[in-house]
file work.cif (mmCIF, C-alpha atoms)
data_final
#
loop_
_atom_site.group_PDB
_atom_site.id
_atom_site.type_symbol
_atom_site.label_atom_id
_atom_site.label_comp_id
_atom_site.auth_asym_id
_atom_site.auth_seq_id
_atom_site.Cartn_x
_atom_site.Cartn_y
_atom_site.Cartn_z
ATOM 1 C CA GLN A 1 124.326 51.272 75.835
ATOM 2 C CA VAL A 2 122.499 52.920 78.700
ATOM 3 C CA GLN A 3 123.343 56.591 79.161
ATOM 4 C CA LEU A 4 122.121 58.942 81.884
ATOM 5 C CA VAL A 5 123.400 62.510 81.522
ATOM 6 C CA GLU A 6 122.523 65.073 84.156
ATOM 7 C CA SER A 7 122.627 68.835 83.658
ATOM 8 C CA GLY A 8 121.359 72.036 85.214
ATOM 9 C CA GLY A 9 123.391 72.155 88.386
ATOM 10 C CA GLY A 10 125.205 75.221 89.626
ATOM 11 C CA MET A 11 125.686 77.549 92.534
ATOM 12 C CA VAL A 12 122.670 79.269 94.037
ATOM 13 C CA GLN A 13 121.922 81.298 97.143
ATOM 14 C CA PRO A 14 119.714 79.897 99.900
ATOM 15 C CA GLY A 15 116.078 80.263 98.922
ATOM 16 C CA GLY A 16 116.886 80.021 95.235
ATOM 17 C CA SER A 17 115.770 77.534 92.616
ATOM 18 C CA LEU A 18 117.314 75.210 90.069
ATOM 19 C CA LYS A 19 115.887 72.756 87.565
ATOM 20 C CA LEU A 20 117.874 69.638 86.825
ATOM 21 C CA SER A 21 117.506 67.508 83.725
ATOM 22 C CA CYS A 22 118.564 63.950 82.937
ATOM 23 C CA THR A 23 118.668 63.007 79.287
ATOM 24 C CA THR A 24 118.643 59.287 78.688
ATOM 25 C CA SER A 25 119.274 56.797 75.915
ATOM 26 C CA GLY A 26 119.888 53.120 75.385
ATOM 27 C CA PHE A 27 116.716 51.825 77.019
ATOM 28 C CA ILE A 28 112.959 52.255 76.830
ATOM 29 C CA PHE A 29 112.605 55.221 79.157
ATOM 30 C CA SER A 30 108.826 54.971 79.455
ATOM 31 C CA ASP A 31 109.117 51.440 80.899
ATOM 32 C CA TYR A 32 111.168 52.404 83.938
ATOM 33 C CA HIS A 33 110.710 53.930 87.335
ATOM 34 C CA MET A 34 113.262 56.738 87.631
ATOM 35 C CA SER A 35 114.756 58.514 90.601
ATOM 36 C CA TRP A 36 117.034 61.285 91.729
ATOM 37 C CA ALA A 37 119.637 60.829 94.402
ATOM 38 C CA ARG A 38 122.282 63.125 95.840
ATOM 39 C CA GLN A 39 125.678 62.591 97.347
ATOM 40 C CA ALA A 40 127.562 64.862 99.696
ATOM 41 C CA PRO A 41 131.373 64.623 99.825
ATOM 42 C CA GLY A 42 132.492 61.586 101.761
ATOM 43 C CA GLU A 43 128.989 60.206 102.149
ATOM 44 C CA GLU A 44 126.890 57.527 100.512
ATOM 45 C CA PRO A 45 124.273 58.520 97.921
ATOM 46 C CA GLU A 46 120.936 59.514 99.407
ATOM 47 C CA TRP A 47 117.645 58.867 97.614
ATOM 48 C CA VAL A 48 115.755 62.115 97.001
ATOM 49 C CA SER A 49 112.764 61.453 94.773
ATOM 50 C CA GLY A 50 111.199 58.894 92.456
ATOM 51 C CA ILE A 51 108.560 58.686 89.757
ATOM 52 C CA LYS A 52 106.613 55.836 88.213
ATOM 53 C CA PRO A 53 107.059 55.007 84.515
ATOM 54 C CA ASP A 54 103.905 56.836 83.444
ATOM 55 C CA GLY A 55 104.509 59.775 85.774
ATOM 56 C CA SER A 56 101.280 59.116 87.675
ATOM 57 C CA THR A 57 102.887 58.796 91.085
ATOM 58 C CA THR A 58 105.820 60.616 92.650
ATOM 59 C CA TYR A 59 107.755 60.022 95.830
ATOM 60 C CA TYR A 60 109.911 62.305 97.955
ATOM 61 C CA ALA A 61 112.290 62.083 100.850
ATOM 62 C CA ASP A 62 111.008 63.981 103.871
ATOM 63 C CA ALA A 63 113.919 66.422 103.615
ATOM 64 C CA VAL A 64 112.733 67.727 100.226
ATOM 65 C CA LYS A 65 108.974 67.211 100.362
ATOM 66 C CA GLY A 66 107.118 70.389 99.440
ATOM 67 C CA ARG A 67 110.212 71.996 97.908
ATOM 68 C CA PHE A 68 111.241 69.648 95.089
ATOM 69 C CA ALA A 69 109.149 68.342 92.202
ATOM 70 C CA ILE A 70 110.105 65.409 90.013
ATOM 71 C CA SER A 71 108.655 65.039 86.535
ATOM 72 C CA ARG A 72 109.359 63.279 83.270
ATOM 73 C CA ASP A 73 108.761 63.691 79.569
ATOM 74 C CA ASN A 74 108.547 60.215 78.078
ATOM 75 C CA ALA A 75 108.451 61.628 74.553
ATOM 76 C CA LYS A 76 111.849 63.259 75.164
ATOM 77 C CA ASN A 77 113.299 60.455 77.320
ATOM 78 C CA THR A 78 114.084 63.073 79.930
ATOM 79 C CA LEU A 79 113.732 63.241 83.696
ATOM 80 C CA TYR A 80 113.520 66.532 85.613
ATOM 81 C CA LEU A 81 113.891 67.791 89.160
ATOM 82 C CA GLN A 82 112.591 71.253 90.006
ATOM 83 C CA MET A 83 114.211 72.404 93.230
ATOM 84 C CA ASN A 84 112.808 75.412 95.073
ATOM 85 C CA SER A 85 113.572 77.040 98.426
ATOM 86 C CA LEU A 86 117.028 75.540 98.336
ATOM 87 C CA LYS A 87 118.960 75.184 101.573
ATOM 88 C CA PRO A 88 122.701 74.791 102.215
ATOM 89 C CA GLU A 89 122.069 71.180 103.237
ATOM 90 C CA ASP A 90 120.783 70.491 99.712
ATOM 91 C CA THR A 91 124.362 70.861 98.463
ATOM 92 C CA GLY A 92 125.669 67.764 96.720
ATOM 93 C CA LEU A 93 126.185 65.861 93.514
ATOM 94 C CA TYR A 94 122.744 65.107 92.087
ATOM 95 C CA LEU A 95 122.466 61.755 90.353
ATOM 96 C CA CYS A 96 119.886 60.417 87.917
ATOM 97 C CA VAL A 97 118.969 56.829 88.757
ATOM 98 C CA LEU A 98 117.502 54.166 86.483
ATOM 99 C CA GLY A 99 115.327 52.516 89.086
ATOM 100 C CA PRO A 100 113.637 53.062 92.460
ATOM 101 C CA SER A 101 116.683 53.247 94.689
ATOM 102 C CA VAL A 102 120.333 54.294 94.739
ATOM 103 C CA ALA A 103 121.344 50.668 94.236
ATOM 104 C CA PHE A 104 120.474 50.932 90.555
ATOM 105 C CA ARG A 105 122.480 52.402 87.688
ATOM 106 C CA ARG A 106 123.348 56.072 88.167
ATOM 107 C CA GLY A 107 124.656 58.830 85.974
ATOM 108 C CA ARG A 108 127.796 60.843 86.728
ATOM 109 C CA GLY A 109 125.819 63.643 88.311
ATOM 110 C CA THR A 110 125.551 67.415 88.285
ATOM 111 C CA GLN A 111 126.843 69.516 91.170
ATOM 112 C CA VAL A 112 124.478 71.707 93.162
ATOM 113 C CA THR A 113 125.949 74.155 95.648
ATOM 114 C CA VAL A 114 123.731 76.254 97.885
ATOM 115 C CA SER A 115 125.692 79.002 99.569
ATOM 116 C CA SER A 116 125.513 82.668 100.352
#

call {"tool": "encode", "arguments": {"input": "work.cif", "output": "structure tokens"}}
result
Amino acid sequence: QVQLVESGGGMVQPGGSLKLSCTTSGFIFSDYHMSWARQAPGEEPEWVSGIKPDGSTTYYADAVKGRFAISRDNAKNTLYLQMNSLKPEDTGLYLCVLGPSVAFRRGRGTQVTVSS
């Protein structure tokens, strides 16, 4: 069955960095567009970034453009999100998404908290 398992979250001070990982199984990872989304308490998930199956093209929400970098290793069936210059408003549950939008299958998430 499809599994999406996020890791790498934690608490960090403003201006800090984190790198998230999503290990996957149960499908042909290299065939699928993948995304990251995030969800603040009491709110709907928000799309953050996406990447084409071969990694050739990446997409970012305006709020994270220039600070976050999405990447993938198709040999390891793993998706990454490098997050730099983190801000308090980046706080949320970060979700790995099998597809181009939050409407697709999501993992359980990893919590990121940005606070001083």

call {"tool": "atom_distance", "arguments": {"input": "work.cif", "atom1": "CA of Ser56 in chain A", "atom2": "CA of Ala75 in chain A"}}
result
15.2 Å

call {"tool": "resolve_selection", "arguments": {"input": "work.cif", "expression": "the PyMOL selection byres ((chain A and resi 19) around 10)", "output": "number ranges by chain"}}
result
A: 7-10, 17-18, 20-21, 68-70, 80-84

call {"tool": "residues_around", "arguments": {"input": "work.cif", "residues": "range 114-116 of chain A", "least_positions_apart": "2", "cutoff": "6 Å", "atoms": "all atoms listed in the file", "output": "CSV table (one decimal) with C-alpha atoms, in the frame of the given file"}}
result
chain,number,residue,atom,x,y,z
A,11,MET,CA,125.7,77.5,92.5
A,12,VAL,CA,122.7,79.3,94.0
A,13,GLN,CA,121.9,81.3,97.1
A,14,PRO,CA,119.7,79.9,99.9
A,88,PRO,CA,122.7,74.8,102.2
A,91,THR,CA,124.4,70.9,98.5

call {"tool": "resolve_selection", "arguments": {"input": "work.cif", "expression": "the PyMOL selection byres ((chain A and resi 31-45) around 6)", "output": "list of chain:residue names"}}
result
A:Ile28, A:Phe29, A:Ser30, A:Glu46, A:Trp47, A:Val48, A:Ser49, A:Gly50, A:Ile51, A:Lys52, A:Pro53, A:Gly92, A:Leu93, A:Tyr94, A:Leu95, A:Cys96, A:Val97, A:Leu98, A:Gly99, A:Pro100

call {"tool": "atom_distance", "arguments": {"input": "work.cif", "atom1": "CA of Val5 in chain A", "atom2": "CA of Ser101 in chain A"}}
result
17.4 Å

call {"tool": "closest_residue", "arguments": {"input": "work.cif", "among": "A:Gly55, A:Lys65, A:Arg105, A:Cys22", "to": "Ser85 in chain A", "atoms": "only C-alpha atoms"}}
result
A:Lys65

call {"tool": "closest_residue", "arguments": {"input": "work.cif", "among": "A:Arg108, A:Asp73, A:Ser25, A:Ala103", "to": "Glu6 in chain A", "atoms": "only C-alpha atoms"}}
result
A:Arg108

call {"tool": "residues_around", "arguments": {"input": "work.cif", "residues": "Leu4 in chain A", "least_positions_apart": "5", "cutoff": "6 Å", "atoms": "only C-alpha atoms", "output": "PDB file with C-alpha atoms, keeping the file's coordinate frame"}}
result
ATOM      1  CA  THR A  23     118.668  63.007  79.287  1.00  0.00           C
ATOM      2  CA  THR A  24     118.643  59.287  78.688  1.00  0.00           C
ATOM      3  CA  GLY A 107     124.656  58.830  85.974  1.00  0.00           C
TER       4      GLY A 107
END

call {"tool": "atom_distance", "arguments": {"input": "work.cif", "atom1": "CA of Asn77 in chain A", "atom2": "CA of Asp90 in chain A"}}
result
25.7 Å

call {"tool": "residues_around", "arguments": {"input": "work.cif", "residues": "Gln1 in chain A", "least_positions_apart": "2", "cutoff": "9 Å", "atoms": "only C-alpha atoms", "output": "PDB file with C-alpha atoms, in the coordinates of the input"}}
result
ATOM      1  CA  GLN A   3     123.343  56.591  79.161  1.00  0.00           C
ATOM      2  CA  SER A  25     119.274  56.797  75.915  1.00  0.00           C
ATOM      3  CA  GLY A  26     119.888  53.120  75.385  1.00  0.00           C
ATOM      4  CA  PHE A  27     116.716  51.825  77.019  1.00  0.00           C
TER       5      PHE A  27
END
